[in-house]
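A.B. asks: Below is a structure I'd like to ask you about.
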Amino acid sequence: MDRKNLTSKNIIYLTLAAAIIGGFLLLFIEIVDELKENELIQFDETLIQYVQAFISPRLTEYMSVITFLGSVKWLAFSVLMAAVLLFMFKKSSLAWFMILSSGLGALFNLLLKWIFKRERPDIRPLIEEQGFSFPSGHSMGSFIFYGSLAYMIIHLAKRKRWKTAWTVLLGCFIIMIGLSRIYLGVHFPSDVIAGFAAGGAWLTIMIIGFRYYEYLKNV
């Protein structure tokens with residue numbers, strides 16, 4: 001097969017991927033524009049107050065566990081374990097996909113935080129966090145890692161119901177990690193949404209790169 005000739009399936013795939021990346025980028029840019037014009041204050045404060053109206057000792061304990069599962073330490077450990085297992089089962093391409101998507105994504109998040117330098121909210125923080133707030137590293141990192149995990153399952157699983165079930169479960173888990181950051185008072189809601197947008201765009205780009213690599217191996 002000539003590499004220069006794209007099939008209709010490839011064209012549809014690339015068009016869909018471009019639309020997804022564009023959607024995430026437009027959402028991120030819109031939030032940045034609102035941030036620069038200080039038009040997110042009412043939205044952020046209203047949503048924080050609504051979420052924190054449910055504060056209780058038991059829920060705080062639960063949310064602390066959820067937020068840990070989006071932390072740098074946990075994600076780094078999880079990426080390492082996933083990569084080791086994939087290498088053991090001779091899935092080296094997927095192993096490198098997991099490592100590069102999360103590793104480079106983490107560096108990208110640090111770059112964005114350094115660019116925007118937004119301070120964290122001080123409305124009612126339940127835990128202490130260091131560093132800048134925008135975009136949320138937990139939200140971006142969890143979207144990339146758990147999204148990569150969902151893609152890996154889709155790539156390897158044979159039964160459609162398992163693919164669907166795990167994708168929905170991991171998607172809900174990503175949302176809960178973002179929600180935990182708002183509940184604990186360490187991120188504005190706009191930080192979380194921007195983290196999801198940046199993470200979604202980055203993950204889609206990495207998936208395209210992985211698919212292209214797989215395509216080159218098979219032609």
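Simple scheme: letters A, B, ... for chains in structure tokens order, numbers from 1 for residues in each chain, numbers from 1 for ligands in the order shown.
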Would you list the contacts of segment 191-204 of chain A as an MDAnalysis selection string, taking every protein, DNA or RNA residue within 9 Å and counting only C-alpha atoms, but skipping same-chain residues closer than 4 positions in sequence?

C.D. replies: chainID A and resid 17:18 20:29 31:32 101:102 105 108:109 133:145 147:148 174:175 178:179 181:182 187 208:209

A.B. asks: What's around segment 44-49 of chain A at 12 Å? Count only C-alpha atoms, leave out sequence neighbours fewer than 5 positions away in its own chain, and write the answer as a ChimeraX atom specification.

C.D. replies: /A:31,34-35,38-39,54-55,120-125,179-193

A.B. asks: For Trp96 of chain A, please output as a list in words all residues within 12 Å (counting only C-alpha atoms; exclusion window: fewer than 5 positions along the same chain).

C.D. replies: Val79, Leu80, Ala82, Ala83, Val84, Leu85, Leu86, Phe87, Lys90, Lys91, Ser101, Ser102, Gly103, Leu104, Ser148, Met152, Met206, Ile207, Gly209, Phe210 and Tyr213 of chain A

A.B. asks: If you run DSSP over the backbone, which residues in segment 7-210 of chain A end up helix (DSSP H, G or I)? Put them as an MDAnalysis selection string.

C.D. replies: chainID A and resid 8:36 41:52 57:68 72:88 92:116 137:156 160:183 189:210

A.B. asks: Tell me which of A:Phe68, A:Gly131, A:Ile177, A:Arg161 sits closest to Leu112 of chain A, counting only C-alpha atoms.

C.D. replies: A:Gly131

A.B. asks: From the list A:Met63, A:Ile205, A:Leu216, A:Thr15, which residue is nearest Met176 of chain A when using only C-alpha atoms?

C.D. replies: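 Closest candidate: A:Met63.
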
A.B. asks: Measuring between only C-alpha atoms, which one of A:Leu149, A:Phe97, A:Glu129, A:Leu169 shows the shortest distance to Thr67 of chain A?

C.D. replies: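 Of A:Leu149, A:Phe97, A:Glu129, A:Leu169, the one nearest Thr67 of chain A, counting only C-alpha atoms, is A:Glu129.
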